[in-house]
file work.cif (mmCIF, C-alpha atoms, pLDDT in the B column; chains and numbers go by the auth columns)
data_target
loop_
_atom_site.group_PDB
_atom_site.id
_atom_site.type_symbol
_atom_site.label_atom_id
_atom_site.label_comp_id
_atom_site.label_asym_id
_atom_site.label_seq_id
_atom_site.Cartn_x
_atom_site.Cartn_y
_atom_site.Cartn_z
_atom_site.B_iso_or_equiv
_atom_site.auth_seq_id
_atom_site.auth_asym_id
ATOM 1 C CA MET A 1 -41.698 36.594 -32.432 64.00 6 A
ATOM 2 C CA ASN A 2 -37.953 35.961 -32.021 73.00 7 A
ATOM 3 C CA VAL A 3 -36.190 34.854 -28.855 78.00 8 A
ATOM 4 C CA TYR A 4 -35.172 38.387 -27.829 81.00 9 A
ATOM 5 C CA GLN A 5 -38.722 39.690 -28.133 85.00 10 A
ATOM 6 C CA ARG A 6 -39.841 36.859 -25.880 86.00 11 A
ATOM 7 C CA LEU A 7 -37.038 37.548 -23.424 88.00 12 A
ATOM 8 C CA ASN A 8 -38.141 41.179 -23.152 90.00 13 A
ATOM 9 C CA LYS A 9 -41.595 39.932 -22.166 92.00 14 A
ATOM 10 C CA VAL A 10 -40.009 37.612 -19.597 93.00 15 A
ATOM 11 C CA ILE A 11 -38.102 40.564 -18.135 93.00 16 A
ATOM 12 C CA ASP A 12 -41.330 42.620 -18.052 94.00 17 A
ATOM 13 C CA TYR A 13 -43.020 39.882 -16.033 95.00 18 A
ATOM 14 C CA ILE A 14 -40.081 39.596 -13.624 95.00 19 A
ATOM 15 C CA GLU A 15 -39.967 43.345 -13.044 93.00 20 A
ATOM 16 C CA THR A 16 -43.652 43.520 -12.123 94.00 21 A
ATOM 17 C CA HIS A 17 -43.339 40.580 -9.723 94.00 22 A
ATOM 18 C CA LEU A 18 -40.045 41.255 -7.918 94.00 23 A
ATOM 19 C CA GLU A 19 -41.959 41.709 -4.658 93.00 24 A
ATOM 20 C CA GLU A 20 -43.963 38.519 -5.188 91.00 25 A
ATOM 21 C CA ASN A 21 -43.369 34.856 -5.842 90.00 26 A
ATOM 22 C CA ILE A 22 -42.239 34.564 -9.474 91.00 27 A
ATOM 23 C CA ASP A 23 -43.968 31.720 -11.307 89.00 28 A
ATOM 24 C CA ASN A 24 -41.417 29.764 -13.361 87.00 29 A
ATOM 25 C CA GLU A 25 -44.189 28.059 -15.303 89.00 30 A
ATOM 26 C CA LYS A 26 -45.520 31.451 -16.349 91.00 31 A
ATOM 27 C CA LEU A 27 -42.042 32.478 -17.530 91.00 32 A
ATOM 28 C CA SER A 28 -41.740 29.225 -19.481 89.00 33 A
ATOM 29 C CA LYS A 29 -45.029 29.861 -21.281 89.00 34 A
ATOM 30 C CA ILE A 30 -43.958 33.395 -22.200 90.00 35 A
ATOM 31 C CA LEU A 31 -40.709 32.064 -23.650 86.00 36 A
ATOM 32 C CA GLY A 32 -42.489 29.169 -25.343 83.00 37 A
ATOM 33 C CA VAL A 33 -40.344 26.358 -23.890 83.00 38 A
ATOM 34 C CA ASN A 34 -40.357 24.084 -20.852 80.00 39 A
ATOM 35 C CA SER A 35 -38.788 25.143 -17.550 80.00 40 A
ATOM 36 C CA TYR A 36 -35.574 23.192 -18.138 77.00 41 A
ATOM 37 C CA MET A 37 -34.909 24.789 -21.514 80.00 42 A
ATOM 38 C CA MET A 38 -35.914 28.239 -20.233 84.00 43 A
ATOM 39 C CA HIS A 39 -33.098 28.147 -17.683 82.00 44 A
ATOM 40 C CA ARG A 40 -30.662 26.892 -20.324 78.00 45 A
ATOM 41 C CA LEU A 41 -31.601 29.663 -22.742 80.00 46 A
ATOM 42 C CA PHE A 42 -31.352 32.393 -20.137 83.00 47 A
ATOM 43 C CA SER A 43 -27.979 31.267 -18.844 79.00 48 A
ATOM 44 C CA LEU A 44 -26.379 30.651 -22.239 74.00 49 A
ATOM 45 C CA LEU A 45 -27.629 33.756 -24.040 75.00 50 A
ATOM 46 C CA LEU A 46 -27.333 36.210 -21.150 77.00 51 A
ATOM 47 C CA ASP A 47 -24.248 34.965 -19.261 75.00 52 A
ATOM 48 C CA ILE A 48 -26.168 34.926 -15.970 81.00 53 A
ATOM 49 C CA SER A 49 -28.523 32.368 -14.500 82.00 54 A
ATOM 50 C CA LEU A 50 -32.210 33.267 -14.208 88.00 55 A
ATOM 51 C CA ASN A 51 -32.139 32.887 -10.420 88.00 56 A
ATOM 52 C CA ASP A 52 -29.050 35.086 -10.106 88.00 57 A
ATOM 53 C CA TYR A 53 -30.679 37.768 -12.259 91.00 58 A
ATOM 54 C CA ILE A 54 -33.839 37.820 -10.134 94.00 59 A
ATOM 55 C CA ARG A 55 -31.804 37.818 -6.920 93.00 60 A
ATOM 56 C CA SER A 56 -29.601 40.683 -8.144 93.00 61 A
ATOM 57 C CA ARG A 57 -32.577 42.810 -9.217 93.00 62 A
ATOM 58 C CA ARG A 58 -34.269 42.308 -5.851 95.00 63 A
ATOM 59 C CA LEU A 59 -31.146 43.204 -3.885 94.00 64 A
ATOM 60 C CA SER A 60 -30.569 46.215 -6.126 92.00 65 A
ATOM 61 C CA ASN A 61 -34.083 47.481 -5.372 92.00 66 A
ATOM 62 C CA ALA A 62 -33.682 46.642 -1.703 92.00 67 A
ATOM 63 C CA GLY A 63 -30.691 49.002 -1.498 89.00 68 A
ATOM 64 C CA TYR A 64 -32.814 51.863 -2.815 87.00 69 A
ATOM 65 C CA ASP A 65 -35.745 51.025 -0.543 89.00 70 A
ATOM 66 C CA LEU A 66 -33.521 50.774 2.496 85.00 71 A
ATOM 67 C CA TYR A 67 -32.207 54.307 2.237 80.00 72 A
ATOM 68 C CA HIS A 68 -35.123 56.135 0.640 79.00 73 A
ATOM 69 C CA GLY A 69 -37.921 54.479 2.606 78.00 74 A
ATOM 70 C CA ASP A 70 -38.727 53.895 6.237 82.00 75 A
ATOM 71 C CA GLU A 71 -39.173 50.108 6.092 86.00 76 A
ATOM 72 C CA LYS A 72 -37.466 47.955 8.677 90.00 77 A
ATOM 73 C CA ILE A 73 -34.822 45.469 7.566 91.00 78 A
ATOM 74 C CA ILE A 74 -37.038 42.516 8.516 93.00 79 A
ATOM 75 C CA ASP A 75 -39.868 43.952 6.393 93.00 80 A
ATOM 76 C CA LEU A 76 -37.542 44.281 3.396 93.00 81 A
ATOM 77 C CA ALA A 77 -36.398 40.710 3.934 93.00 82 A
ATOM 78 C CA PHE A 78 -39.960 39.394 3.635 94.00 83 A
ATOM 79 C CA LYS A 79 -40.733 41.810 0.791 94.00 84 A
ATOM 80 C CA TYR A 80 -37.972 40.351 -1.376 94.00 85 A
ATOM 81 C CA GLY A 81 -38.511 36.693 -0.562 92.00 86 A
ATOM 82 C CA TYR A 82 -36.121 36.016 2.319 94.00 87 A
ATOM 83 C CA GLU A 83 -37.194 33.905 5.289 91.00 88 A
ATOM 84 C CA ASN A 84 -35.555 36.096 7.920 93.00 89 A
ATOM 85 C CA ALA A 85 -33.427 39.187 8.454 93.00 90 A
ATOM 86 C CA THR A 86 -30.240 37.154 8.846 94.00 91 A
ATOM 87 C CA SER A 87 -30.391 35.518 5.397 94.00 92 A
ATOM 88 C CA PHE A 88 -31.375 38.851 3.827 94.00 93 A
ATOM 89 C CA SER A 89 -28.517 40.672 5.560 94.00 94 A
ATOM 90 C CA ARG A 90 -26.030 38.040 4.412 94.00 95 A
ATOM 91 C CA ALA A 91 -27.177 38.284 0.769 94.00 96 A
ATOM 92 C CA PHE A 92 -27.373 42.087 0.906 93.00 97 A
ATOM 93 C CA THR A 93 -23.836 42.400 2.266 93.00 98 A
ATOM 94 C CA LYS A 94 -22.438 40.011 -0.335 92.00 99 A
ATOM 95 C CA PHE A 95 -24.104 41.961 -3.168 92.00 100 A
ATOM 96 C CA HIS A 96 -23.550 45.569 -2.024 92.00 101 A
ATOM 97 C CA GLY A 97 -20.410 45.150 0.055 90.00 102 A
ATOM 98 C CA ILE A 98 -21.969 46.836 3.097 90.00 103 A
ATOM 99 C CA LYS A 99 -24.437 45.696 5.756 90.00 104 A
ATOM 100 C CA PRO A 100 -28.091 46.812 5.566 90.00 105 A
ATOM 101 C CA SER A 101 -27.776 48.566 8.930 87.00 106 A
ATOM 102 C CA VAL A 102 -24.898 50.661 7.546 86.00 107 A
ATOM 103 C CA ALA A 103 -26.608 51.360 4.224 83.00 108 A
ATOM 104 C CA LYS A 104 -29.704 52.637 6.020 80.00 109 A
ATOM 105 C CA GLN A 105 -27.635 55.473 7.468 78.00 110 A
ATOM 106 C CA ASN A 106 -25.103 55.989 4.671 75.00 111 A
ATOM 107 C CA PRO A 107 -25.805 54.708 1.125 69.00 112 A
ATOM 108 C CA SER A 108 -22.229 55.202 -0.081 73.00 113 A
ATOM 109 C CA GLY A 109 -21.192 52.055 -1.935 74.00 114 A
ATOM 110 C CA LEU A 110 -24.644 50.745 -2.829 84.00 115 A
ATOM 111 C CA LYS A 111 -24.758 48.982 -6.178 88.00 116 A
ATOM 112 C CA VAL A 112 -27.372 49.030 -8.919 87.00 117 A
ATOM 113 C CA PHE A 113 -27.976 45.948 -11.041 90.00 118 A
ATOM 114 C CA PRO A 114 -29.747 47.290 -14.151 88.00 119 A
ATOM 115 C CA ARG A 115 -32.771 45.744 -15.756 89.00 120 A
ATOM 116 C CA LEU A 116 -31.927 43.760 -18.879 86.00 121 A
ATOM 117 C CA THR A 117 -33.279 44.903 -22.247 83.00 122 A
ATOM 118 C CA PHE A 118 -32.712 43.370 -25.648 77.00 123 A
ATOM 119 C CA LYS A 119 -32.567 44.634 -29.177 75.00 124 A
ATOM 120 C CA GLU A 120 -35.375 42.926 -31.070 67.00 125 A
ATOM 121 C CA ASN A 121 -34.084 43.351 -34.612 62.00 126 A
ATOM 122 C CA VAL A 122 -34.871 40.197 -36.538 54.00 127 A
ATOM 123 C CA MET A 123 -31.818 38.945 -38.386 53.00 128 A
ATOM 124 C CA PRO A 124 -32.138 36.774 -41.513 51.00 129 A
ATOM 125 C CA LEU A 125 -32.417 33.195 -40.343 55.00 130 A
ATOM 126 C CA ILE A 126 -30.358 30.332 -41.712 62.00 131 A
ATOM 127 C CA PRO A 127 -32.248 27.010 -41.921 68.00 132 A
ATOM 128 C CA MET A 128 -30.937 24.357 -39.537 78.00 133 A
ATOM 129 C CA GLU A 129 -30.999 20.799 -40.829 83.00 134 A
ATOM 130 C CA TYR A 130 -31.333 17.995 -38.324 89.00 135 A
ATOM 131 C CA THR A 131 -32.094 14.310 -38.016 92.00 136 A
ATOM 132 C CA ILE A 132 -33.630 12.347 -35.133 92.00 137 A
ATOM 133 C CA LEU A 133 -31.678 9.486 -33.584 93.00 138 A
ATOM 134 C CA GLU A 134 -32.627 6.845 -31.032 94.00 139 A
ATOM 135 C CA LEU A 135 -29.719 5.814 -28.831 94.00 140 A
ATOM 136 C CA PRO A 136 -29.459 3.173 -26.088 95.00 141 A
ATOM 137 C CA ASP A 137 -28.051 3.894 -22.646 95.00 142 A
ATOM 138 C CA LEU A 138 -24.584 5.360 -23.072 94.00 143 A
ATOM 139 C CA VAL A 139 -22.027 4.383 -20.432 96.00 144 A
ATOM 140 C CA LEU A 140 -19.155 6.793 -20.916 96.00 145 A
ATOM 141 C CA TYR A 141 -15.817 7.209 -19.140 97.00 146 A
ATOM 142 C CA GLY A 142 -13.773 10.344 -18.769 96.00 147 A
ATOM 143 C CA LYS A 143 -12.824 13.402 -16.777 95.00 148 A
ATOM 144 C CA GLY A 144 -14.483 16.727 -16.039 93.00 149 A
ATOM 145 C CA MET A 145 -13.383 20.199 -15.014 92.00 150 A
ATOM 146 C CA LYS A 146 -15.224 23.087 -13.370 89.00 151 A
ATOM 147 C CA THR A 147 -15.857 26.334 -15.238 86.00 152 A
ATOM 148 C CA ASP A 148 -18.486 29.079 -15.534 78.00 153 A
ATOM 149 C CA ASP A 149 -20.326 31.333 -17.984 69.00 154 A
ATOM 150 C CA ALA A 150 -17.452 33.758 -18.374 72.00 155 A
ATOM 151 C CA HIS A 151 -14.799 31.155 -19.132 81.00 156 A
ATOM 152 C CA ILE A 152 -16.382 28.062 -20.671 81.00 157 A
ATOM 153 C CA GLU A 153 -15.750 29.068 -24.301 82.00 158 A
ATOM 154 C CA LYS A 154 -12.004 29.110 -23.602 88.00 159 A
ATOM 155 C CA ASP A 155 -11.833 26.484 -20.856 90.00 160 A
ATOM 156 C CA ALA A 156 -13.619 23.703 -22.778 89.00 161 A
ATOM 157 C CA PRO A 157 -11.364 23.696 -25.898 90.00 162 A
ATOM 158 C CA LYS A 158 -8.264 24.005 -23.692 93.00 163 A
ATOM 159 C CA PHE A 159 -9.298 21.062 -21.504 95.00 164 A
ATOM 160 C CA PHE A 160 -10.202 18.977 -24.578 93.00 165 A
ATOM 161 C CA LYS A 161 -6.766 19.621 -26.076 93.00 166 A
ATOM 162 C CA GLU A 162 -5.008 18.750 -22.796 95.00 167 A
ATOM 163 C CA MET A 163 -6.945 15.477 -22.502 95.00 168 A
ATOM 164 C CA ARG A 164 -6.149 14.514 -26.099 93.00 169 A
ATOM 165 C CA GLN A 165 -2.456 15.239 -25.636 95.00 170 A
ATOM 166 C CA LYS A 166 -2.258 13.346 -22.335 95.00 171 A
ATOM 167 C CA TYR A 167 -4.360 10.270 -23.174 95.00 172 A
ATOM 168 C CA GLY A 168 -4.521 10.138 -26.992 92.00 173 A
ATOM 169 C CA LYS A 169 -1.754 7.576 -27.486 94.00 174 A
ATOM 170 C CA GLN A 170 -3.043 5.371 -24.680 95.00 175 A
ATOM 171 C CA TYR A 171 -6.805 5.454 -25.292 95.00 176 A
ATOM 172 C CA GLY A 172 -7.284 6.770 -28.822 94.00 177 A
ATOM 173 C CA ASP A 173 -9.676 9.434 -30.029 93.00 178 A
ATOM 174 C CA ILE A 174 -12.026 11.217 -27.621 95.00 179 A
ATOM 175 C CA THR A 175 -15.654 10.321 -28.361 95.00 180 A
ATOM 176 C CA TYR A 176 -17.838 12.894 -26.582 95.00 181 A
ATOM 177 C CA GLY A 177 -17.808 16.300 -24.949 93.00 182 A
ATOM 178 C CA MET A 178 -20.515 17.281 -22.456 92.00 183 A
ATOM 179 C CA VAL A 179 -21.533 20.330 -20.414 83.00 184 A
ATOM 180 C CA VAL A 180 -23.232 19.666 -17.066 82.00 185 A
ATOM 181 C CA TYR A 181 -25.059 22.507 -15.306 69.00 186 A
ATOM 182 C CA GLU A 182 -24.500 22.493 -11.556 55.00 187 A
ATOM 183 C CA ALA A 183 -27.005 23.292 -8.824 48.00 188 A
ATOM 184 C CA ARG A 184 -29.973 23.213 -11.201 43.00 189 A
ATOM 185 C CA PHE A 185 -29.334 26.730 -12.520 43.00 190 A
ATOM 186 C CA ASP A 186 -28.939 28.385 -9.130 46.00 191 A
ATOM 187 C CA SER A 187 -25.515 29.605 -10.279 48.00 192 A
ATOM 188 C CA ASP A 188 -23.372 30.070 -13.372 56.00 193 A
ATOM 189 C CA LYS A 189 -21.148 27.099 -12.492 69.00 194 A
ATOM 190 C CA TYR A 190 -20.665 24.252 -14.988 78.00 195 A
ATOM 191 C CA GLU A 191 -18.678 21.088 -15.433 85.00 196 A
ATOM 192 C CA TYR A 192 -17.203 20.278 -18.836 89.00 197 A
ATOM 193 C CA TRP A 193 -16.543 16.584 -19.452 94.00 198 A
ATOM 194 C CA VAL A 194 -14.385 14.805 -22.020 95.00 199 A
ATOM 195 C CA LEU A 195 -15.598 11.217 -22.467 96.00 200 A
ATOM 196 C CA TYR A 196 -14.755 7.904 -24.144 96.00 201 A
ATOM 197 C CA ASP A 197 -17.279 5.256 -25.194 94.00 202 A
ATOM 198 C CA LYS A 198 -15.156 2.418 -23.812 94.00 203 A
ATOM 199 C CA LYS A 199 -14.407 1.356 -20.266 95.00 204 A
ATOM 200 C CA ILE A 200 -11.304 2.976 -18.822 96.00 205 A
ATOM 201 C CA GLU A 201 -10.582 1.873 -15.276 94.00 206 A
ATOM 202 C CA GLU A 202 -8.880 5.060 -14.135 95.00 207 A
ATOM 203 C CA PHE A 203 -11.826 7.266 -15.176 96.00 208 A
ATOM 204 C CA PRO A 204 -15.232 7.597 -13.471 94.00 209 A
ATOM 205 C CA SER A 205 -18.257 6.524 -15.471 94.00 210 A
ATOM 206 C CA TYR A 206 -21.163 8.725 -16.577 92.00 211 A
ATOM 207 C CA VAL A 207 -24.455 7.163 -17.692 93.00 212 A
ATOM 208 C CA ILE A 208 -26.618 8.934 -20.275 92.00 213 A
ATOM 209 C CA PRO A 209 -30.128 7.384 -20.363 93.00 214 A
ATOM 210 C CA LYS A 210 -31.496 6.008 -23.611 94.00 215 A
ATOM 211 C CA GLY A 211 -33.853 8.083 -25.698 95.00 216 A
ATOM 212 C CA LYS A 212 -34.305 10.262 -28.754 94.00 217 A
ATOM 213 C CA TRP A 213 -31.905 12.975 -29.839 95.00 218 A
ATOM 214 C CA LEU A 214 -31.948 15.840 -32.306 92.00 219 A
ATOM 215 C CA CYS A 215 -28.740 15.674 -34.321 93.00 220 A
ATOM 216 C CA PHE A 216 -27.205 18.799 -35.871 91.00 221 A
ATOM 217 C CA GLU A 217 -24.080 18.211 -37.938 89.00 222 A
ATOM 218 C CA VAL A 218 -21.103 20.561 -37.558 88.00 223 A
ATOM 219 C CA PRO A 219 -18.859 20.363 -40.659 86.00 224 A
ATOM 220 C CA THR A 220 -15.625 20.649 -38.622 86.00 225 A
ATOM 221 C CA ASP A 221 -14.381 19.820 -35.145 81.00 226 A
ATOM 222 C CA GLU A 222 -13.247 23.382 -34.417 85.00 227 A
ATOM 223 C CA ALA A 223 -14.502 24.885 -31.144 83.00 228 A
ATOM 224 C CA VAL A 224 -15.641 28.103 -32.829 85.00 229 A
ATOM 225 C CA ASP A 225 -17.917 26.153 -35.208 86.00 230 A
ATOM 226 C CA ILE A 226 -19.376 24.029 -32.400 85.00 231 A
ATOM 227 C CA GLN A 227 -20.128 27.163 -30.364 83.00 232 A
ATOM 228 C CA ARG A 228 -21.710 28.837 -33.418 84.00 233 A
ATOM 229 C CA ILE A 229 -24.105 25.921 -34.010 86.00 234 A
ATOM 230 C CA SER A 230 -24.933 25.744 -30.300 83.00 235 A
ATOM 231 C CA ARG A 231 -25.786 29.459 -30.159 80.00 236 A
ATOM 232 C CA GLN A 232 -27.846 29.246 -33.365 82.00 237 A
ATOM 233 C CA PHE A 233 -29.756 26.333 -31.851 85.00 238 A
ATOM 234 C CA TYR A 234 -30.695 28.330 -28.734 80.00 239 A
ATOM 235 C CA GLU A 235 -31.377 31.631 -30.496 75.00 240 A
ATOM 236 C CA GLU A 236 -33.307 30.367 -33.520 75.00 241 A
ATOM 237 C CA PHE A 237 -34.354 26.728 -33.247 81.00 242 A
ATOM 238 C CA VAL A 238 -35.621 26.522 -29.663 79.00 243 A
ATOM 239 C CA PRO A 239 -38.093 29.469 -29.728 70.00 244 A
ATOM 240 C CA SER A 240 -39.853 28.061 -32.805 67.00 245 A
ATOM 241 C CA SER A 241 -39.589 24.376 -31.913 75.00 246 A
ATOM 242 C CA LYS A 242 -42.410 22.148 -30.712 75.00 247 A
ATOM 243 C CA TYR A 243 -40.075 19.513 -29.309 82.00 248 A
ATOM 244 C CA HIS A 244 -40.008 18.812 -25.580 85.00 249 A
ATOM 245 C CA PHE A 245 -36.424 18.725 -24.348 86.00 250 A
ATOM 246 C CA ARG A 246 -35.291 16.194 -21.766 86.00 251 A
ATOM 247 C CA ASP A 247 -33.445 17.177 -18.613 82.00 252 A
ATOM 248 C CA VAL A 248 -30.274 15.520 -19.891 86.00 253 A
ATOM 249 C CA PRO A 249 -26.988 17.193 -20.938 87.00 254 A
ATOM 250 C CA GLU A 250 -26.384 17.783 -24.636 89.00 255 A
ATOM 251 C CA LEU A 251 -23.506 15.885 -26.199 93.00 256 A
ATOM 252 C CA GLU A 252 -20.852 16.704 -28.758 93.00 257 A
ATOM 253 C CA TYR A 253 -20.040 13.502 -30.682 94.00 258 A
ATOM 254 C CA TYR A 254 -16.652 13.627 -32.430 92.00 259 A
ATOM 255 C CA HIS A 255 -16.172 11.520 -35.551 91.00 260 A
ATOM 256 C CA ASN A 256 -14.312 11.759 -38.891 88.00 261 A
ATOM 257 C CA ASN A 257 -13.107 15.317 -38.182 87.00 262 A
ATOM 258 C CA ARG A 258 -16.725 16.400 -37.722 89.00 263 A
ATOM 259 C CA VAL A 259 -19.016 16.892 -34.735 91.00 264 A
ATOM 260 C CA SER A 260 -22.629 15.905 -34.186 93.00 265 A
ATOM 261 C CA PHE A 261 -24.373 18.243 -31.736 92.00 266 A
ATOM 262 C CA LEU A 262 -26.893 15.995 -29.945 94.00 267 A
ATOM 263 C CA VAL A 263 -29.880 17.431 -28.050 91.00 268 A
ATOM 264 C CA PRO A 264 -32.079 15.044 -25.970 92.00 269 A
ATOM 265 C CA ILE A 265 -35.849 15.129 -26.621 90.00 270 A
ATOM 266 C CA ASP A 266 -38.874 13.142 -25.398 88.00 271 A
#
call {"tool": "encode", "arguments": {"input": "work.cif", "output": "structure tokens"}}
result
Amino acid sequence: MNVYQRLNKVIDYIETHLEENIDNEKLSKILGVNSYMMHRLFSLLLDISLNDYIRSRRLSNAGYDLYHGDEKIIDLAFKYGYENATSFSRAFTKFHGIKPSVAKQNPSGLKVFPRLTFKENVMPLIPMEYTILELPDLVLYGKGMKTDDAHIEKDAPKFFKEMRQKYGKQYGDITYGMVVYEARFDSDKYEYWVLYDKKIEEFPSYVIPKGKWLCFEVPTDEAVDIQRISRQFYEEFVPSSKYHFRDVPELEYYHNNRVSFLVPID
């Protein structure tokens, strides 16, 4: 079963439990990975966080229920997991652009967030070679910038180039690149960091704890090749892997005009 077949089963489970508490552990088992990697997969492959998808589907259904049913706003709030009518009304208005009290009388402007479905065609797989490394604590120094799902593929290479042009003569070659997911997957917001493996007083430090890493070699240091290996890792390697992935950011290690894509494991 490939990753898109598994994702369809995840979506099936979500759809049948939109009016209940959705069990993340159950979703993880369906996808065949731990909870941390499940959120990573969903966000990277689908360009929306898991929590945002569930929230959008619930609010989409709430718009229909509000106009076509006779439920009170407070009842809809509880039905779709909100603690009170105020928090539901705030979320509803942000999503649909109109207040629930208005939508109940006039549905003009209500939005529909469609259910996701995936083509399950199995493409020929390309074997991915990897090695396992053990690294000590890494104390890195650098700068980060904020980005999101829609822009990271352009923002990260641009920021890397700007950092190299600004600090290359002073500090030498950049050692690592790193993506940090904000708010524990409650949004599509990221930070992209460019880091050096030597102390630089003007930069904040970032500590990566010691441990084991899967190492996938990228034959160039071009952004398009790094992104291709990263996507292949999530689409093909993760669903069939038995490794347990640590809740630590992946690293891109730049050396000799090549890149090592490093994934933390237990």
call {"tool": "residues_near_point", "arguments": {"input": "work.cif", "point": "(-31.4, 19.0, -21.4)", "cutoff": "9 Å", "atoms": "all atoms listed in the file", "output": "mmCIF file with C-alpha atoms, in the frame of the given file"}}
result
data_model
loop_
_atom_site.group_PDB
_atom_site.id
_atom_site.type_symbol
_atom_site.label_atom_id
_atom_site.label_comp_id
_atom_site.auth_asym_id
_atom_site.auth_seq_id
_atom_site.Cartn_x
_atom_site.Cartn_y
_atom_site.Cartn_z
ATOM 1 C CA TYR A 41 -35.574 23.192 -18.138
ATOM 2 C CA MET A 42 -34.909 24.789 -21.514
ATOM 3 C CA ARG A 45 -30.662 26.892 -20.324
ATOM 4 C CA PHE A 250 -36.424 18.725 -24.348
ATOM 5 C CA ARG A 251 -35.291 16.194 -21.766
ATOM 6 C CA ASP A 252 -33.445 17.177 -18.613
ATOM 7 C CA VAL A 253 -30.274 15.520 -19.891
ATOM 8 C CA PRO A 254 -26.988 17.193 -20.938
ATOM 9 C CA GLU A 255 -26.384 17.783 -24.636
ATOM 10 C CA VAL A 268 -29.880 17.431 -28.050
ATOM 11 C CA PRO A 269 -32.079 15.044 -25.970
ATOM 12 C CA ILE A 270 -35.849 15.129 -26.621
#
call {"tool": "residues_around", "arguments": {"input": "work.cif", "residues": "range 220-229 of chain A", "least_positions_apart": "3", "cutoff": "6 Å", "atoms": "only C-alpha atoms", "output": "PDB file with C-alpha atoms, keeping the file's coordinate frame"}}
result
ATOM      1  CA  TYR A 135     -31.333  17.995 -38.324  1.00 89.00           C
ATOM      2  CA  THR A 136     -32.094  14.310 -38.016  1.00 92.00           C
ATOM      3  CA  ILE A 137     -33.630  12.347 -35.133  1.00 92.00           C
ATOM      4  CA  GLN A 232     -20.128  27.163 -30.364  1.00 83.00           C
ATOM      5  CA  ASN A 262     -13.107  15.317 -38.182  1.00 87.00           C
ATOM      6  CA  ARG A 263     -16.725  16.400 -37.722  1.00 89.00           C
ATOM      7  CA  VAL A 264     -19.016  16.892 -34.735  1.00 91.00           C
ATOM      8  CA  SER A 265     -22.629  15.905 -34.186  1.00 93.00           C
ATOM      9  CA  PHE A 266     -24.373  18.243 -31.736  1.00 92.00           C
ATOM     10  CA  LEU A 267     -26.893  15.995 -29.945  1.00 94.00           C
TER      11      LEU A 267
END
call {"tool": "resolve_selection", "arguments": {"input": "work.cif", "expression": "the PyMOL selection byres ((chain A and resi 71-73) around 7)", "output": "PyMOL selection string"}}
result
chain A and resi 67-70+74+76+108-109+112
call {"tool": "residues_near_point", "arguments": {"input": "work.cif", "point": "(-40.1, 40.4, -6.4)", "cutoff": "12 Å", "atoms": "all atoms listed in the file", "output": "MDAnalysis selection string"}}
result
chainID A and resid 16:28 56 58:67 81:87
call {"tool": "resolve_selection", "arguments": {"input": "work.cif", "expression": "the PyMOL selection byres ((chain A and resi 198) around 10)", "output": "PyMOL selection string"}}
result
chain A and resi 146-151+161+164-165+181-185+195-197+199-200+211+256
call {"tool": "residues_around", "arguments": {"input": "work.cif", "residues": "Arg169 in chain A", "least_positions_apart": "4", "cutoff": "8 Å", "atoms": "all atoms listed in the file", "output": "PyMOL selection string"}}
result
chain A and resi 165+173+178-179
call {"tool": "write_last_selection", "arguments": {"input": "work.cif", "atoms": "C-alpha atoms", "output": "CSV table (one decimal), keeping the file's coordinate frame"}}
result
chain,number,residue,atom,x,y,z
A,165,PHE,CA,-10.2,19.0,-24.6
A,173,GLY,CA,-4.5,10.1,-27.0
A,178,ASP,CA,-9.7,9.4,-30.0
A,179,ILE,CA,-12.0,11.2,-27.6
call {"tool": "residues_around", "arguments": {"input": "work.cif", "residues": "Ser106 in chain A", "least_positions_apart": "5", "cutoff": "9 Å", "atoms": "only C-alpha atoms", "output": "list of chain:residue names"}}
result
A:Leu71, A:Ile78, A:Ser94, A:Asn111
call {"tool": "write_last_selection", "arguments": {"input": "work.cif", "atoms": "C-alpha atoms", "output": "PDB file, in the coordinates of the input"}}
result
ATOM      1  CA  LEU A  71     -33.521  50.774   2.496  1.00 85.00           C
ATOM      2  CA  ILE A  78     -34.822  45.469   7.566  1.00 91.00           C
ATOM      3  CA  SER A  94     -28.517  40.672   5.560  1.00 94.00           C
ATOM      4  CA  ASN A 111     -25.103  55.989   4.671  1.00 75.00           C
TER       5      ASN A 111
END
call {"tool": "closest_residue", "arguments": {"input": "work.cif", "among": "A:Leu32, A:Val38, A:Leu50, A:Ile213", "to": "Gln237 in chain A", "atoms": "only C-alpha atoms"}}
result
A:Leu50
call {"tool": "atom_distance", "arguments": {"input": "work.cif", "atom1": "CA of Phe93 in chain A", "atom2": "CA of Asp80 in chain A"}}
result
10.2 Å
call {"tool": "closest_residue", "arguments": {"input": "work.cif", "among": "A:Met43, A:Leu51, A:Glu30, A:Ile231", "to": "Pro162 in chain A", "atoms": "only C-alpha atoms"}}
result
A:Ile231
call {"tool": "atom_distance", "arguments": {"input": "work.cif", "atom1": "CA of His249 in chain A", "atom2": "CA of Asp271 in chain A"}}
result
5.8 Å
call {"tool": "axis_aligned_box", "arguments": {"input": "work.cif", "around": "range 19-33 of chain A", "padding_each_side": "8 Å", "output": "AutoDock Vina command-line options"}}
result
--center_x -42.7 --center_y 35.8 --center_z -12.1 --size_x 21.6 --size_y 31.5 --size_z 30.8
call {"tool": "closest_residue", "arguments": {"input": "work.cif", "among": "A:Met133, A:Asn7, A:Pro214, A:Ser113", "to": "Arg233 in chain A", "atoms": "all atoms listed in the file"}}
result
A:Met133
call {"tool": "atom_distance", "arguments": {"input": "work.cif", "atom1": "CA of Thr180 in chain A", "atom2": "CA of His260 in chain A"}}
result
7.3 Å
call {"tool": "closest_residue", "arguments": {"input": "work.cif", "among": "A:Ile53, A:Leu121, A:Ala90, A:Ile103", "to": "Leu12 in chain A", "atoms": "all atoms listed in the file"}}
result
A:Leu121
